[in-house]
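Remarks on the structure that follows.
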Amino acid sequence: MRSSRYLPFVLLGILPLLWGYSWVPGKLGVMYSNAFVFAALRTFVPGVLLLALLPLTGRPLRPTGVGLTAAVGVLQVGGFIGLTSTAIVAGGAGHTAMLANTWQFWLLFMAWMALGERLRGGQWVAVVLGLAGLVLIIEPWGLRGILSSLLTLAAALCFAGGAIVAKILRQRHKVDLLSFTAWQTFLGSIPLVVAALLFPGDGIQWTGAFIGSLLYSSLVATALAALVWLYILNALPANIAGLGTIGTPVIGVLASWLQLNEELSASEIAGMVLVVLALMLLALLGLWAGRRPHHEPGSRLLKRPHDLRQRASR
């Protein structure tokens with residue numbers, strides 16, 4: 001019984017490894033296929049598998065709030081994975097992983113504009129740190145890999161926008177997380193499937209590296225990681241669960257350096273340190289806000305930014 005009590009914390013330590021390492025297979029996958037083809041395969045397959053789990057677990061197959069669920073899927077699956085898969089063709093996996101995880105900063109701004117949730121106190125400090133790190137990572141003064149960086153930032157904006165829509169969905173409907181994740185993944189994969197059919201590229205090179213990358217990206221980083229994340233959310237408060245995701249971009253950078261021999265400039269390293277510090281500050285602010293007896297209106301979104309994260313890789 002003691003082991004089951006600690007299992008959520010063990011899984012919380014494993015999940016960043018699953019998500020963080022996924023950037024390496026993501027890079028390898030687009031080396032042997034068109035980016036849209038790889039993105040479609042890595043999302044459509046787990047979407048179908050997760051949908052198959054619904055009747056097996058006694059859940060209705062019909063989605064809740066199908067319009068909003070589809071919107072979240074298009075933004076967080078179709079937009080995020082489609083754009084990052086395209087960006088990673090020319091950009092480094094670690095570089096892309098770090099920029100993609102800036103979605104939490106954009107989420108704060110979007111919540112302010114769309115939901116009236118004002119930024120307060122330490123949130124501003126985190127945003128300033130994050131934006132400073134962003135500039136150092138992109139290095140706009142050199143224009144090196146600027147298109148890849150812009151595509152990744154667009155992906156982060158898509159993910160943050162999806163989080164806003166997901167919050168609206170949860171306000172209007174009672175949402176089952178497994179059903180939501182399954183339909184979000186499946187519906188979000190449809191635009192990618194269409195794009196893959198319209199722009200198939202030069203076809204797929206069915207090498208061992210491609211097959212391994214596809215299996216990891218679809219079955220481990222998407223399907224299995226989604227189930228692990230749902231288990232963690234059901235076992236732990238969302239603000240504690242969110243602390244475990246801080247390591248995702250760090251693992252992505254380290255794995256890319258070790259396996260792909262990607263080198264980082266001093267500016268990129270400094271920027272990544274600032275982004276990680278900003279993410280840690282946001283997570284700690286969320287943890288502190290979750291323990292307060294009363295919450296200010298501007299801190300509502302910080303309590304649960306991470307329970308909106310249902311996806312494949314970072």
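Ordering of the structure tokens sets the chain letters (A, B, ...); residue numbers start at 1 within each chain; ligands are numbered from 1 in the order shown.
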Kindly provide the residues of segment 18-120 of chain A that approach segment 259-279 of chain A to within 10 Å, each paired with its closest atom pair and their distance in Å to one decimal, based on only C-alpha atoms, listed by chain and increasing number, as CSV.
```
residue,atom,partner,partner_atom,distance
A:Val24,CA,A:Leu260,CA,7.5
A:Lys27,CA,A:Leu260,CA,9.0
A:Leu28,CA,A:Leu260,CA,9.1
A:Gly92,CA,A:Glu262,CA,6.9
A:Ala93,CA,A:Glu262,CA,8.0
A:Gly94,CA,A:Glu262,CA,7.7
A:His95,CA,A:Glu268,CA,8.0
A:Met98,CA,A:Met272,CA,6.8
A:Leu99,CA,A:Met272,CA,8.8
A:Asn101,CA,A:Val275,CA,8.8
A:Thr102,CA,A:Val275,CA,7.6
A:Gln104,CA,A:Leu279,CA,7.8
A:Phe105,CA,A:Leu279,CA,8.5
```
Report task. Give me every alpha helix (DSSP H) residue in segment 83-170 of chain A, going by DSSP on the backbone, as number ranges by chain. Result -> A: 83-90, 93-100, 103-115, 122-138, 146-170
Residue with the minimum atom-to-atom distance to Ser33 of chain A, picked from A:Leu178, A:Ala283, A:Val89, A:Ile164 with only C-alpha atoms counted, is A:Val89
Using only C-alpha atoms, determine which residues lie at most 6 Å from Gly20 of chain A, disregarding the query and same-chain residues fewer than 4 positions distant; provide the list as a list in words.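 Near neighbours after the sequence-gap exclusion: Pro16, Thr248, Pro249, Ile251 and Gly252 of chain A.
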Hey, which of A:Thr152, A:Asn234, A:Thr96, A:Thr43 ends up closest to Gln184 of chain A? Count only C-alpha atoms.
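Closest to Gln184 of chain A, using only C-alpha atoms: A:Thr43.
Using only C-alpha atoms, the shortest contact distance between Lys174 of chain A and any of A:Val253, A:Val30, A:Leu151, A:Pro63 is found at A:Pro63.
Counting from atom CA of Ile81 of chain A, the distance to atom CA of Val45 of chain A is 14.0 Å.
Distance check against Gly78 of chain A using only C-alpha atoms: of A:Val228, A:Leu187, A:Leu219, A:Leu147, the minimum falls on A:Leu187.
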I'd like the interatomic distance between atom CA of Leu119 of chain A and atom CA of Leu131 of chain A, to a tenth of an Å.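 Taking atom CA of Leu119 of chain A and atom CA of Leu131 of chain A, their separation equals 14.7 Å.
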Long-range neighbours of Ser85 of chain A as a PyMOL selection string, 7 Å cut-off, only C-alpha atoms, 6 positions minimum in chain:
chain A and resi 26+35+39
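Each of A:Met280, A:Leu56, A:Ala255, A:Ala221 was checked against Trp19 of chain A using only C-alpha atoms; the smallest atom-to-atom distance is that of A:Ala221.
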Ala114 of chain A surroundings by only C-alpha atoms, 12 Å radius, close-in-sequence under 4 positions cut, as a VMD selection string: chain A and resid 106 to 110 118 160 to 161 163 to 165 167 to 168 301
Write out as a PDB file with N, CA and C atoms, in the first residue's frame the residues lying within 7 Å of Ala40 of chain A, counting only C-alpha atoms and excluding same-chain residues fewer than 5 positions away.
```
ATOM      1  N   SER A 189      -5.705  15.377 -34.945  1.00  0.00           N
ATOM      2  CA  SER A 189      -4.874  14.715 -35.958  1.00  0.00           C
ATOM      3  C   SER A 189      -5.456  14.846 -37.363  1.00  0.00           C
ATOM      4  N   LEU A 192      -3.832  17.284 -39.705  1.00  0.00           N
ATOM      5  CA  LEU A 192      -2.503  16.795 -40.061  1.00  0.00           C
ATOM      6  C   LEU A 192      -2.585  15.694 -41.109  1.00  0.00           C
ATOM      7  N   VAL A 193      -3.588  14.831 -40.993  1.00  0.00           N
ATOM      8  CA  VAL A 193      -3.789  13.785 -42.001  1.00  0.00           C
ATOM      9  C   VAL A 193      -4.096  14.416 -43.355  1.00  0.00           C
ATOM     10  N   ALA A 196      -0.953  15.889 -44.731  1.00  0.00           N
ATOM     11  CA  ALA A 196      -0.052  14.833 -45.196  1.00  0.00           C
ATOM     12  C   ALA A 196      -0.486  14.286 -46.552  1.00  0.00           C
TER      13      ALA A 196
END
```
List the neighbours of Ile204 of chain A out to 9 Å using only C-alpha atoms; skip same-chain residues closer than 6 positions along the sequence, and give me the result as a list in words. Tyr32, Ser33, Asn34, Val37, Phe38 and Phe210 of chain A
